[in-house]
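As provided, data-v9.cif (mmCIF, C-alpha atoms) reads as follows.
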data_protein
loop_
_atom_site.label_atom_id
_atom_site.label_comp_id
_atom_site.auth_asym_id
_atom_site.auth_seq_id
_atom_site.Cartn_x
_atom_site.Cartn_y
_atom_site.Cartn_z
CA MET A 30 -18.31 19.93 -14.59
CA ARG A 31 -18.19 23.58 -15.63
CA ASN A 32 -16.34 24.81 -18.70
CA LEU A 33 -12.68 25.39 -18.07
CA ASP A 34 -9.39 26.24 -19.68
CA TYR A 35 -6.63 23.68 -19.25
CA LEU A 36 -3.12 25.11 -19.09
CA GLU A 37 0.11 23.12 -19.15
CA PRO A 38 3.08 25.22 -17.98
CA GLU A 39 6.48 23.90 -19.03
CA SER A 40 8.44 25.37 -16.15
CA LEU A 41 7.90 26.22 -12.49
CA ASP A 42 8.31 29.93 -13.29
CA GLU A 43 5.61 29.74 -15.93
CA ALA A 44 3.29 27.89 -13.52
CA LEU A 45 3.83 30.51 -10.80
CA ARG A 46 3.16 33.29 -13.29
CA MET A 47 -0.11 31.64 -14.34
CA LEU A 48 -1.24 31.36 -10.73
CA ALA A 49 -0.36 35.03 -10.18
CA ASP A 50 -2.22 36.07 -13.32
CA TYR A 51 -5.39 34.09 -12.70
CA GLY A 52 -5.61 34.20 -8.90
CA ASP A 53 -8.60 32.51 -7.33
CA GLU A 54 -9.96 31.50 -10.72
CA ALA A 55 -7.18 28.91 -11.12
CA ALA A 56 -6.73 25.53 -9.47
CA VAL A 57 -3.53 23.49 -9.46
CA PHE A 58 -3.88 19.98 -10.90
CA ALA A 59 -1.33 17.38 -9.77
CA GLY A 60 -2.70 13.82 -9.93
CA GLY A 61 -6.36 14.81 -10.05
CA THR A 62 -7.70 12.17 -7.68
CA ALA A 63 -8.98 14.80 -5.26
CA LEU A 64 -9.44 17.86 -7.48
CA LEU A 65 -11.57 16.12 -10.11
CA LEU A 66 -13.87 14.74 -7.41
CA ALA A 67 -14.26 18.16 -5.85
CA MET A 68 -14.99 19.66 -9.28
CA ARG A 69 -17.51 16.98 -10.21
CA GLN A 70 -19.29 17.44 -6.90
CA ARG A 71 -19.27 21.23 -7.44
CA MET A 72 -17.36 21.87 -4.26
CA LEU A 73 -14.75 23.62 -6.41
CA ALA A 74 -15.45 25.25 -9.75
CA PRO A 75 -12.22 26.70 -11.13
CA GLY A 76 -12.42 28.29 -14.56
CA ILE A 77 -8.77 27.52 -15.17
CA VAL A 78 -6.82 24.39 -14.37
CA VAL A 79 -3.03 24.65 -14.23
CA ALA A 80 -1.72 21.12 -14.75
CA LEU A 81 1.75 20.57 -13.33
CA GLY A 82 2.45 17.29 -15.15
CA GLY A 83 5.15 18.82 -17.34
CA LEU A 84 7.30 20.16 -14.48
CA SER A 85 10.25 17.78 -14.20
CA ALA A 86 11.65 19.76 -11.23
CA LEU A 87 8.74 18.42 -9.16
CA ARG A 88 9.58 14.78 -9.93
CA GLY A 89 12.11 12.29 -8.66
CA ILE A 90 13.07 10.80 -5.32
CA GLY A 91 16.67 11.16 -4.12
CA TYR A 92 18.67 10.50 -0.94
CA THR A 93 22.03 11.68 0.32
CA PRO A 94 23.48 10.96 3.80
CA GLU A 95 24.00 14.72 4.29
CA ALA A 96 20.69 16.14 3.10
CA GLY A 97 18.40 13.16 3.62
CA LEU A 98 15.46 12.36 1.38
CA ARG A 99 13.89 14.63 -1.21
CA ILE A 100 10.58 13.54 -2.68
CA GLY A 101 9.38 15.59 -5.63
CA ALA A 102 5.84 16.78 -4.97
CA LEU A 103 4.54 15.08 -8.13
CA SER A 104 5.75 11.65 -6.98
CA ARG A 105 2.85 9.27 -7.08
CA HIS A 106 2.14 7.09 -4.04
CA SER A 107 3.06 3.94 -5.99
CA GLU A 108 6.43 5.47 -6.91
CA ILE A 109 7.18 6.23 -3.25
CA ALA A 110 6.07 2.73 -2.23
CA ARG A 111 8.46 1.00 -4.61
CA ALA A 112 11.43 3.41 -4.44
CA ASP A 113 14.41 1.43 -3.11
CA ILE A 114 15.82 4.41 -1.18
CA VAL A 115 12.52 4.96 0.62
CA ARG A 116 12.13 1.26 1.41
CA GLU A 117 15.69 1.11 2.70
CA HIS A 118 15.89 4.32 4.76
CA TYR A 119 12.25 5.13 5.66
CA PRO A 120 10.42 1.78 5.52
CA VAL A 121 7.45 3.17 7.44
CA LEU A 122 6.86 5.76 4.72
CA ALA A 123 7.09 3.10 2.00
CA LYS A 124 4.54 1.03 3.93
CA VAL A 125 2.14 3.95 4.25
CA ALA A 126 2.41 4.74 0.54
CA ALA A 127 1.86 1.08 -0.36
CA GLY A 128 -1.35 0.94 1.67
CA LEU A 129 -2.87 4.31 0.79
CA ALA A 130 -6.37 4.19 -0.76
CA ASN A 131 -6.26 1.55 -3.51
CA PRO A 132 -3.99 0.52 -6.42
CA GLN A 133 -5.59 2.88 -8.92
CA VAL A 134 -5.35 5.92 -6.67
CA ARG A 135 -1.75 5.05 -5.77
CA ASN A 136 -0.95 5.07 -9.50
CA GLN A 137 -2.66 8.42 -10.07
CA GLY A 138 -2.49 10.46 -6.88
CA THR A 139 0.59 12.44 -5.86
CA ILE A 140 2.04 13.06 -2.42
CA GLY A 141 2.08 16.81 -3.08
CA GLY A 142 -1.56 16.86 -4.10
CA ASN A 143 -2.49 14.80 -1.07
CA LEU A 144 -0.82 17.28 1.29
CA CYS A 145 -2.06 20.47 -0.40
CA TYR A 146 -5.67 19.28 -0.46
CA GLY A 147 -5.58 19.20 3.34
CA ASP A 148 -8.13 16.41 3.73
CA PRO A 149 -7.54 14.94 7.19
CA ALA A 150 -8.96 11.49 6.34
CA THR A 151 -5.77 10.20 4.76
CA ASP A 152 -2.53 8.48 5.72
CA PRO A 153 0.55 10.63 4.92
CA PRO A 154 0.30 13.73 7.17
CA SER A 155 0.74 12.03 10.55
CA VAL A 156 3.66 9.89 9.44
CA LEU A 157 5.37 12.87 7.80
CA VAL A 158 5.04 14.90 11.01
CA ALA A 159 6.49 11.97 12.97
CA LEU A 160 9.38 11.77 10.48
CA ASP A 161 10.14 15.52 10.96
CA ALA A 162 9.40 16.30 7.32
CA GLU A 163 9.86 19.78 5.87
CA LEU A 164 8.04 21.05 2.82
CA GLU A 165 9.70 23.05 0.06
CA ILE A 166 7.35 25.69 -1.29
CA ALA A 167 7.95 27.93 -4.29
CA GLY A 168 6.45 31.37 -4.76
CA ARG A 169 7.18 34.24 -7.10
CA SER A 170 9.58 35.77 -4.57
CA GLY A 171 11.55 32.56 -3.99
CA THR A 172 11.50 29.28 -2.13
CA ARG A 173 10.75 28.66 1.55
CA ARG A 174 10.85 25.61 3.80
CA VAL A 175 8.05 24.90 6.27
CA ALA A 176 7.90 22.20 8.92
CA MET A 177 5.20 19.65 8.11
CA ALA A 178 3.52 20.33 11.45
CA ASP A 179 3.24 24.05 10.58
CA PHE A 180 2.02 23.34 7.05
CA LEU A 181 -1.14 21.75 8.43
CA VAL A 182 -3.29 24.67 9.61
CA ASP A 183 -6.85 23.37 9.88
CA TYR A 184 -9.47 21.15 8.26
CA PHE A 185 -8.73 21.41 4.48
CA THR A 186 -6.48 24.39 5.19
CA THR A 187 -2.70 24.53 4.74
CA ALA A 188 -0.02 27.18 5.11
CA LEU A 189 0.22 27.45 1.33
CA GLU A 190 -0.27 31.10 0.34
CA PRO A 191 -2.22 32.01 -2.81
CA GLY A 192 0.00 31.52 -5.84
CA GLU A 193 2.45 29.18 -4.13
CA ILE A 194 3.28 25.64 -5.27
CA LEU A 195 4.54 22.79 -3.11
CA THR A 196 7.64 21.49 -4.88
CA ALA A 197 9.14 18.82 -2.63
CA ILE A 198 9.02 16.99 0.70
CA HIS A 199 12.29 16.66 2.64
CA LEU A 200 13.06 14.14 5.37
CA PRO A 201 16.16 14.47 7.58
CA PRO A 202 18.93 11.87 7.16
CA VAL A 203 18.36 8.61 8.99
CA THR A 204 20.16 8.20 12.30
CA PRO A 205 21.21 4.94 13.99
CA GLY A 206 18.47 3.27 16.01
CA ARG A 207 15.66 5.47 14.65
CA VAL A 208 12.57 3.45 13.72
CA GLY A 209 9.05 4.24 12.62
CA HIS A 210 5.68 2.55 13.00
CA TYR A 211 2.24 3.24 11.56
CA LYS A 212 -1.19 1.86 12.33
CA ARG A 213 -4.64 2.90 11.18
CA HIS A 214 -8.26 2.05 11.77
CA LEU A 215 -10.55 1.64 8.77
CA ARG A 216 -14.29 1.55 9.39
CA THR A 217 -14.59 -1.30 6.90
CA PRO A 218 -11.85 -3.00 4.86
CA ALA A 219 -13.45 -1.59 1.70
CA GLU A 220 -13.26 2.01 2.89
CA HIS A 221 -9.87 3.48 2.25
CA ARG A 222 -10.15 6.63 4.30
CA PRO A 223 -8.98 5.97 7.85
CA VAL A 224 -11.13 6.93 10.83
CA ALA A 225 -7.94 7.35 12.82
CA ASN A 226 -4.26 6.63 12.37
CA VAL A 227 -1.19 6.71 14.57
CA ALA A 228 2.42 7.30 13.57
CA LEU A 229 5.20 6.55 16.05
CA THR A 230 8.90 7.28 15.61
CA LEU A 231 11.61 6.80 18.22
CA THR A 232 15.29 6.17 18.73
CA GLU A 233 16.20 3.05 20.66
CA ARG A 234 19.07 3.42 23.10
CA GLY A 235 19.90 0.53 25.39
CA GLY A 236 16.37 -0.81 25.23
CA LEU A 237 14.78 2.54 26.12
CA TRP A 238 13.03 4.99 23.82
CA ASP A 239 14.33 8.48 23.18
CA ASP A 240 13.18 11.32 20.93
CA VAL A 241 9.66 9.86 20.74
CA ARG A 242 7.09 11.30 18.34
CA LEU A 243 3.51 10.10 18.61
CA VAL A 244 1.23 11.69 16.04
CA ILE A 245 -2.48 11.13 15.45
CA GLY A 246 -4.03 11.63 12.03
CA ALA A 247 -7.48 11.36 10.41
CA ALA A 248 -9.31 11.56 13.76
CA THR A 249 -8.35 15.21 14.09
CA PRO A 250 -8.70 18.30 11.84
CA VAL A 251 -4.93 18.19 11.29
CA ALA A 252 -2.32 15.66 12.39
CA GLN A 253 -1.87 16.17 16.14
CA SER A 254 1.42 15.59 17.98
CA MET A 255 0.86 13.95 21.36
CA ALA A 256 3.65 15.47 23.42
CA ARG A 257 2.46 14.29 26.85
CA ALA A 258 1.98 10.70 25.70
CA ALA A 259 5.37 10.75 23.95
CA ALA A 260 7.01 12.05 27.13
CA ALA A 261 5.44 9.22 29.13
CA LEU A 262 7.10 6.72 26.80
CA THR A 263 10.54 8.36 26.89
CA GLY A 264 13.31 6.69 28.89
CA GLN A 265 10.96 4.13 30.47
CA ALA A 266 10.82 0.37 30.06
CA ILE A 267 7.83 -0.21 27.80
CA THR A 268 5.23 -2.48 29.38
CA LEU A 269 1.61 -3.17 28.48
CA ASP A 270 0.61 -1.01 31.43
CA LEU A 271 2.71 1.89 30.17
CA ALA A 272 1.29 1.44 26.65
CA ALA A 273 -2.20 1.65 28.13
CA GLU A 274 -1.26 4.74 30.14
CA ALA A 275 0.19 6.50 27.06
CA ALA A 276 -2.96 5.58 25.16
CA ARG A 277 -5.14 7.02 27.92
CA ILE A 278 -3.17 10.29 27.84
CA ALA A 279 -3.33 10.51 24.04
CA ALA A 280 -7.10 9.95 24.07
CA GLU A 281 -7.47 12.63 26.75
CA ASP A 282 -5.41 15.19 24.79
CA LEU A 283 -7.08 14.43 21.47
CA THR A 284 -9.02 17.13 19.62
CA PRO A 285 -11.29 14.85 17.59
CA VAL A 286 -13.47 15.67 14.62
CA SER A 287 -17.05 14.47 14.77
CA ASP A 288 -18.78 13.68 11.52
CA ALA A 289 -20.81 11.10 9.64
CA ARG A 290 -17.87 8.71 9.56
CA GLY A 291 -17.31 8.74 13.30
CA SER A 292 -18.38 10.68 16.36
CA ALA A 293 -15.82 12.38 18.58
CA ALA A 294 -16.39 9.80 21.31
CA PHE A 295 -15.90 6.91 18.90
CA ARG A 296 -12.73 8.40 17.46
CA ARG A 297 -11.35 8.95 20.94
CA GLN A 298 -11.82 5.27 21.74
CA VAL A 299 -10.34 4.19 18.42
CA VAL A 300 -7.30 6.37 19.03
CA ARG A 301 -6.91 4.96 22.52
CA ALA A 302 -6.96 1.37 21.25
CA THR A 303 -4.70 2.09 18.30
CA VAL A 304 -2.08 3.91 20.39
CA ARG A 305 -2.00 1.10 22.92
CA ARG A 306 -1.52 -1.47 20.19
CA ILE A 307 1.13 0.40 18.20
CA VAL A 308 3.20 1.07 21.35
CA ALA A 309 2.95 -2.57 22.42
CA GLU A 310 3.88 -3.85 18.99
CA ALA A 311 6.80 -1.43 18.71
CA ALA A 312 8.11 -2.88 21.98
CA GLY A 313 7.54 -6.46 20.84
CA LEU A 314 4.69 -7.02 23.31
CA ASP A 315 1.52 -9.00 22.60
CA TRP A 316 -1.47 -6.81 23.50
CA SER A 317 -4.10 -9.25 22.28
CA GLU A 318 -4.35 -11.30 25.48
CA ALA A 319 -4.19 -8.40 27.92
CA ALA A 320 -7.05 -6.33 29.21
CA ALA A 321 -7.10 -2.76 27.92
CA MET B 35 -13.34 26.66 -22.83
CA SER B 36 -10.11 25.34 -24.28
CA HIS B 37 -10.13 22.39 -26.70
CA HIS B 38 -7.13 20.15 -27.24
CA TRP B 39 -5.88 17.79 -29.91
CA ILE B 40 -4.68 14.60 -28.32
CA SER B 41 -2.83 11.66 -29.78
CA LEU B 42 -2.59 8.38 -27.96
CA THR B 43 -2.14 4.66 -28.46
CA LEU B 44 -5.39 2.91 -27.61
CA ASN B 45 -5.54 -0.88 -27.62
CA GLY B 46 -2.61 -0.90 -30.04
CA GLU B 47 -3.96 1.71 -32.44
CA THR B 48 -2.95 5.34 -32.76
CA ILE B 49 -5.92 7.60 -32.10
CA GLU B 50 -6.17 11.34 -32.66
CA ALA B 51 -9.08 13.35 -31.39
CA GLU B 52 -10.17 16.79 -30.27
CA VAL B 53 -11.47 17.02 -26.71
CA PRO B 54 -12.87 19.82 -24.57
CA ALA B 55 -10.82 20.50 -21.44
CA ASN B 56 -13.50 19.33 -19.03
CA ARG B 57 -14.15 15.92 -20.63
CA LEU B 58 -13.37 12.98 -18.38
CA LEU B 59 -11.27 10.21 -19.86
CA SER B 60 -14.09 7.74 -19.11
CA ASP B 61 -16.56 9.89 -21.07
CA PHE B 62 -14.08 10.27 -23.93
CA LEU B 63 -13.73 6.49 -24.23
CA ARG B 64 -17.45 5.77 -24.01
CA ASP B 65 -19.15 8.73 -25.67
CA GLN B 66 -16.57 9.90 -28.17
CA LEU B 67 -14.97 6.58 -29.17
CA ALA B 68 -17.97 4.32 -28.41
CA LEU B 69 -15.78 1.96 -26.37
CA THR B 70 -18.49 1.15 -23.85
CA GLY B 71 -16.67 -1.74 -22.21
CA THR B 72 -15.28 0.75 -19.72
CA LYS B 73 -18.15 1.40 -17.31
CA ARG B 74 -19.23 4.47 -15.43
CA GLY B 75 -20.15 3.40 -11.92
CA CYS B 76 -19.82 5.74 -8.99
CA GLU B 77 -17.85 8.34 -10.98
CA THR B 78 -16.25 9.34 -7.71
CA GLY B 79 -13.18 7.15 -7.78
CA VAL B 80 -14.53 4.48 -5.46
CA CYS B 81 -15.96 1.58 -7.44
CA GLY B 82 -13.28 0.85 -10.06
CA ALA B 83 -15.73 0.01 -12.87
CA CYS B 84 -13.97 2.57 -15.10
CA SER B 85 -10.49 1.06 -14.60
CA ILE B 86 -8.15 1.10 -17.58
CA LEU B 87 -4.41 0.65 -18.03
CA ILE B 88 -2.51 3.90 -18.57
CA ASP B 89 1.08 3.18 -19.62
CA GLY B 90 0.56 -0.30 -18.21
CA GLU B 91 -0.69 0.80 -14.78
CA VAL B 92 -4.25 0.34 -13.55
CA SER B 93 -5.99 3.71 -13.22
CA LYS B 94 -9.52 5.05 -12.82
CA SER B 95 -10.60 6.82 -15.98
CA CYS B 96 -13.19 8.89 -14.07
CA LEU B 97 -10.29 10.48 -12.17
CA SER B 98 -8.49 11.67 -15.32
CA LEU B 99 -9.26 14.26 -17.94
CA ALA B 100 -9.20 13.11 -21.55
CA VAL B 101 -6.65 15.80 -22.40
CA GLN B 102 -4.20 14.06 -20.06
CA ALA B 103 -4.25 10.93 -22.21
CA HIS B 104 -2.13 12.74 -24.77
CA GLY B 105 1.01 10.74 -25.48
CA LYS B 106 -0.11 7.81 -23.33
CA THR B 107 -0.61 4.15 -24.11
CA ILE B 108 -4.04 2.99 -22.95
CA THR B 109 -5.59 -0.43 -22.75
CA THR B 110 -9.32 -0.86 -22.12
CA VAL B 111 -11.18 -4.12 -21.65
CA GLU B 112 -11.75 -4.19 -25.42
CA GLY B 113 -7.99 -4.54 -25.83
CA LEU B 114 -7.61 -7.70 -23.76
CA ALA B 115 -8.91 -10.31 -26.21
CA GLN B 116 -6.93 -11.20 -29.33
CA GLY B 117 -9.60 -11.22 -32.05
CA GLN B 118 -12.05 -13.97 -31.14
CA ALA B 119 -9.68 -15.50 -28.56
CA LEU B 120 -10.55 -14.41 -25.05
CA HIS B 121 -7.81 -13.23 -22.71
CA VAL B 122 -6.88 -15.90 -20.20
CA LEU B 123 -8.46 -13.77 -17.45
CA GLN B 124 -11.74 -13.45 -19.36
CA ALA B 125 -11.90 -17.21 -19.86
CA ALA B 126 -11.12 -17.80 -16.19
CA PHE B 127 -13.85 -15.37 -15.04
CA MET B 128 -16.36 -17.33 -17.15
CA GLU B 129 -15.19 -20.69 -15.89
CA HIS B 130 -15.05 -19.75 -12.20
CA GLY B 131 -18.20 -17.65 -11.97
CA GLY B 132 -16.29 -14.43 -11.48
CA LEU B 133 -19.30 -12.38 -12.56
CA GLN B 134 -23.04 -12.18 -12.24
CA CYS B 135 -24.46 -8.97 -13.71
CA GLY B 136 -21.09 -8.19 -15.27
CA TYR B 137 -21.09 -4.45 -14.78
CA CYS B 138 -17.97 -4.42 -12.61
CA THR B 139 -16.21 -7.09 -14.66
CA PRO B 140 -14.23 -4.88 -17.09
CA GLY B 141 -12.70 -3.05 -14.13
CA PHE B 142 -11.83 -6.27 -12.34
CA LEU B 143 -10.30 -7.73 -15.52
CA ILE B 144 -8.12 -4.66 -15.98
CA ALA B 145 -7.02 -4.58 -12.32
CA ALA B 146 -6.22 -8.29 -12.50
CA ALA B 147 -4.31 -7.82 -15.76
CA ASP B 148 -2.20 -5.15 -14.05
CA LEU B 149 -1.48 -7.55 -11.18
CA LEU B 150 -0.47 -10.45 -13.44
CA SER B 151 1.81 -8.19 -15.46
CA ARG B 152 3.84 -7.49 -12.31
CA ASN B 153 3.36 -10.70 -10.35
CA THR B 154 2.94 -13.97 -12.25
CA SER B 155 2.14 -16.09 -9.20
CA PRO B 156 0.23 -13.97 -6.65
CA ASP B 157 -1.14 -15.53 -3.49
CA ASP B 158 -4.73 -14.88 -2.44
CA ALA B 159 -3.78 -11.96 -0.19
CA GLU B 160 -1.93 -10.29 -3.05
CA ILE B 161 -4.90 -10.87 -5.37
CA ARG B 162 -7.30 -9.34 -2.87
CA LYS B 163 -5.04 -6.34 -2.31
CA ALA B 164 -4.68 -5.77 -6.05
CA LEU B 165 -8.48 -5.83 -6.43
CA SER B 166 -9.14 -3.60 -3.43
CA GLY B 167 -9.93 -0.61 -5.66
CA ASN B 168 -12.80 -2.48 -7.33
CA ILE B 169 -16.26 -3.20 -5.97
CA CYS B 170 -18.64 -6.01 -6.96
CA ARG B 171 -22.14 -5.71 -5.57
CA CYS B 172 -23.62 -9.05 -6.64
CA THR B 173 -21.26 -12.00 -7.07
CA GLY B 174 -19.15 -11.58 -4.01
CA TYR B 175 -15.45 -11.84 -4.40
CA GLN B 176 -14.59 -15.52 -4.01
CA GLY B 177 -15.30 -16.41 -7.64
CA ILE B 178 -13.27 -13.42 -8.78
CA VAL B 179 -10.28 -14.40 -6.63
CA ASP B 180 -10.61 -18.01 -7.85
CA ALA B 181 -10.62 -16.80 -11.44
CA VAL B 182 -7.51 -14.64 -11.06
CA ARG B 183 -5.66 -17.46 -9.29
CA ALA B 184 -6.67 -19.89 -12.05
CA ALA B 185 -5.57 -17.45 -14.75
CA ALA B 186 -2.17 -17.08 -13.09
CA GLU B 187 -1.81 -20.86 -12.88
CA ASN B 188 -2.84 -21.16 -16.51
CA LEU B 189 -0.21 -18.62 -17.56
CA ASN B 190 2.42 -20.47 -15.54
CA GLY B 191 1.38 -23.82 -16.98
CA THR B 192 0.80 -25.24 -13.50
#
I need this file expressed as structure tokens, please.
Amino acid sequence: MRNLDYLEPESLDEALRMLADYGDEAAVFAGGTALLLAMRQRMLAPGIVVALGGLSALRGIGYTPEAGLRIGALSRHSEIARADIVREHYPVLAKVAAGLANPQVRNQGTIGGNLCYGDPATDPPSVLVALDAELEIAGRSGTRRVAMADFLVDYFTTALEPGEILTAIHLPPVTPGRVGHYKRHLRTPAEHRPVANVALTLTERGGLWDDVRLVIGAATPVAQSMARAAAALTGQAITLDLAAEAARIAAEDLTPVSDARGSAAFRRQVVRATVRRIVAEAAGLDWSEAAA
Amino acid sequence: MSHHWISLTLNGETIEAEVPANRLLSDFLRDQLALTGTKRGCETGVCGACSILIDGEVSKSCLSLAVQAHGKTITTVEGLAQGQALHVLQAAFMEHGGLQCGYCTPGFLIAAADLLSRNTSPDDAEIRKALSGNICRCTGYQGIVDAVRAAAENLNGT
């Protein structure tokens, strides 16, 4: 790893000033689980590391019925997984955090770092899109809020402008009948980076689904909302046939990545199977005995 | 390159040292402090051989910089035994064949110690999940799971 200067700002203002002063030479260090790997593998070679660990404004997880959930960007995955307010109000997010990577990475990696790195082969982006998350971003001219779906621009590319810092993730207040589901496909149990994942949120009204979000992650350059498949599931009695039809539509609309971990064709099939299963399970149906 | 004075509690002792900014915590432990129980395996955050406890939580020391250990309490595999008395996990790994070449063992012991500090009677699924950040390439995992289960039973007196 190349020689570097390690800076520890004590306030958000000081951190933003450092990023402005050093420009492209500086990299932001949150939990380090991604950045240190990239530096060791010489994919990134910053001369200056700005470590955010001392910024208390980027910590903490809080919920109010009016504003919803605020997760400080430096919250580690293990902290999100065990936070009572997350488990109570957004159990699907707690489940995703509890299953991300492995115990060590959950204790070291942060949700903010995960999102800013922009690596598609991970769990949080799709579920955060399905939960209508907004990101709070600080820059030298002030703070802005960006919808999670707009934050994800392309493969390893986010809407973060040079010099900006992600400070928090916001989720809207929970509403009656709103539930979330998450399912992923790992190539082997020992590999922690999903080949594909599916997040599903919906509001149940009289046995029918409304306000359906179906979002694919990891198989695509950025988490992809499947509007046509979600529409097919809206206001209809959910059957295994309908689950299979929604899965067919999602696979058709998918923009898959193709790489060493899975070809486009393989990922399309994995997405199709995973969508069918998550929809069936969300409706309390047993897909295992039925033909796909 | 910046250099930093760090002060930390390591296996119960206060340590002060000067480290360059780009030194990994795993390299600091092994090369600067000669605590070679912590292994370098993949050095890409996958294998878990470099696992240590940071403030009581299992972490990969190849994914941290040494400078970030400032103010922390760290336990390495050298800190598990009490003098000549092996930790209950170490004894159980010996008894149940939880190792063959032994290279991954320090990491497994640390991950298991983290589990038992939070969950005194884990079932096999919980043991396997807690060890999912560690890889063994020779023994296979059954002996390791047996050892952790036996250690938990030993601690509970069952």
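This file gives the following result for the PyMOL selection byres ((chain A) within 8 of (chain B)): Met30, Arg31, Asn32, Leu33, Asp34, Tyr35, Gly61, Thr62, Leu65, Leu66, Ala130, Asn131, Pro132, Gln133, Val134, Asn136, Gln137 and Ala219 of chain A.
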Inset, instruction - Taking the file above as input, evaluate the PyMOL selection byres ((chain A and resi 151-159) around 7) and report the hits as a ChimeraX atom specification. - result: /A:125,129,144,148-150,160-162,177-178,222-223,227-230,242-247,252
Inset, instruction - Go ahead and compute the interatomic distance for CA of Ile144 (chain B) and CA of Ile161 (chain B), in Å to one decimal. - result: 12.7 Å
Inset, instruction - Given the file shown, enumerate the residues that the PyMOL selection byres ((chain B and resi 131) around 12) captures and present them as an MDAnalysis selection string. - result: chainID B and resid 123:130 132:136 139 172:182 184
With all atoms listed in the file as the counted atoms, please give the residues lying no more than 7 Å from Leu44 (chain B), apart from itself and same-chain residues fewer than 3 positions off, as a PDB file with C-alpha atoms, in the frame of the given file.
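So the final result, stored in part-v4.pdb, reads:
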ATOM      1  CA  GLU B  47      -3.960   1.710 -32.440  1.00  0.00           C
ATOM      2  CA  THR B  48      -2.950   5.340 -32.760  1.00  0.00           C
ATOM      3  CA  ILE B  49      -5.920   7.600 -32.100  1.00  0.00           C
ATOM      4  CA  THR B 107      -0.610   4.150 -24.110  1.00  0.00           C
ATOM      5  CA  ILE B 108      -4.040   2.990 -22.950  1.00  0.00           C
ATOM      6  CA  THR B 109      -5.590  -0.430 -22.750  1.00  0.00           C
TER       7      THR B 109
END
Spatial neighbours of region 256-261 of chain A, 10 Å, all atoms listed in the file, chain gap at least 4 places, as a compact mmCIF listing (two decimals) with C-alpha atoms, keeping the file's coordinate frame:
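Writing the result to result-v4.txt gives the following:
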# COMPACT_ATOMS: atom_id res chain seq x y z
CA LEU A 229 5.20 6.55 16.05
CA THR A 230 8.90 7.28 15.61
CA LEU A 231 11.61 6.80 18.22
CA TRP A 238 13.03 4.99 23.82
CA ASP A 239 14.33 8.48 23.18
CA ASP A 240 13.18 11.32 20.93
CA VAL A 241 9.66 9.86 20.74
CA ARG A 242 7.09 11.30 18.34
CA LEU A 243 3.51 10.10 18.61
CA VAL A 244 1.23 11.69 16.04
CA GLN A 265 10.96 4.13 30.47
CA ILE A 267 7.83 -0.21 27.80
CA LEU A 271 2.71 1.89 30.17
CA ALA A 272 1.29 1.44 26.65
CA GLU A 274 -1.26 4.74 30.14
CA ALA A 275 0.19 6.50 27.06
CA ALA A 276 -2.96 5.58 25.16
CA ARG A 277 -5.14 7.02 27.92
CA ILE A 278 -3.17 10.29 27.84
CA ALA A 279 -3.33 10.51 24.04
CA ALA A 280 -7.10 9.95 24.07
CA GLU A 281 -7.47 12.63 26.75
CA ASP A 282 -5.41 15.19 24.79
CA VAL A 304 -2.08 3.91 20.39
Legend entry - Which residue of B:Thr154, B:Gln118, B:Asn45, B:Thr72 approaches Asn188 (chain B) most closely, using all atoms listed in the file: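 For Asn188 (chain B), the nearest of the candidates is B:Thr154.
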Counting all atoms listed in the file, write as a PDB file with C-alpha atoms, in the frame of the given file all protein and nucleic acid residues lying at most 12 Å from (-14.7, 11.2, 18.6) in the file's frame.
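part-v5.pdb written:
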ATOM      1  CA  VAL A 224     -11.130   6.930  10.830  1.00  0.00           C
ATOM      2  CA  ALA A 225      -7.940   7.350  12.820  1.00  0.00           C
ATOM      3  CA  ALA A 247      -7.480  11.360  10.410  1.00  0.00           C
ATOM      4  CA  ALA A 248      -9.310  11.560  13.760  1.00  0.00           C
ATOM      5  CA  THR A 249      -8.350  15.210  14.090  1.00  0.00           C
ATOM      6  CA  PRO A 250      -8.700  18.300  11.840  1.00  0.00           C
ATOM      7  CA  ALA A 280      -7.100   9.950  24.070  1.00  0.00           C
ATOM      8  CA  GLU A 281      -7.470  12.630  26.750  1.00  0.00           C
ATOM      9  CA  ASP A 282      -5.410  15.190  24.790  1.00  0.00           C
ATOM     10  CA  LEU A 283      -7.080  14.430  21.470  1.00  0.00           C
ATOM     11  CA  THR A 284      -9.020  17.130  19.620  1.00  0.00           C
ATOM     12  CA  PRO A 285     -11.290  14.850  17.590  1.00  0.00           C
ATOM     13  CA  VAL A 286     -13.470  15.670  14.620  1.00  0.00           C
ATOM     14  CA  SER A 287     -17.050  14.470  14.770  1.00  0.00           C
ATOM     15  CA  ASP A 288     -18.780  13.680  11.520  1.00  0.00           C
ATOM     16  CA  ALA A 289     -20.810  11.100   9.640  1.00  0.00           C
ATOM     17  CA  ARG A 290     -17.870   8.710   9.560  1.00  0.00           C
ATOM     18  CA  GLY A 291     -17.310   8.740  13.300  1.00  0.00           C
ATOM     19  CA  SER A 292     -18.380  10.680  16.360  1.00  0.00           C
ATOM     20  CA  ALA A 293     -15.820  12.380  18.580  1.00  0.00           C
ATOM     21  CA  ALA A 294     -16.390   9.800  21.310  1.00  0.00           C
ATOM     22  CA  PHE A 295     -15.900   6.910  18.900  1.00  0.00           C
ATOM     23  CA  ARG A 296     -12.730   8.400  17.460  1.00  0.00           C
ATOM     24  CA  ARG A 297     -11.350   8.950  20.940  1.00  0.00           C
ATOM     25  CA  GLN A 298     -11.820   5.270  21.740  1.00  0.00           C
ATOM     26  CA  VAL A 299     -10.340   4.190  18.420  1.00  0.00           C
ATOM     27  CA  VAL A 300      -7.300   6.370  19.030  1.00  0.00           C
ATOM     28  CA  ARG A 301      -6.910   4.960  22.520  1.00  0.00           C
TER      29      ARG A 301
END
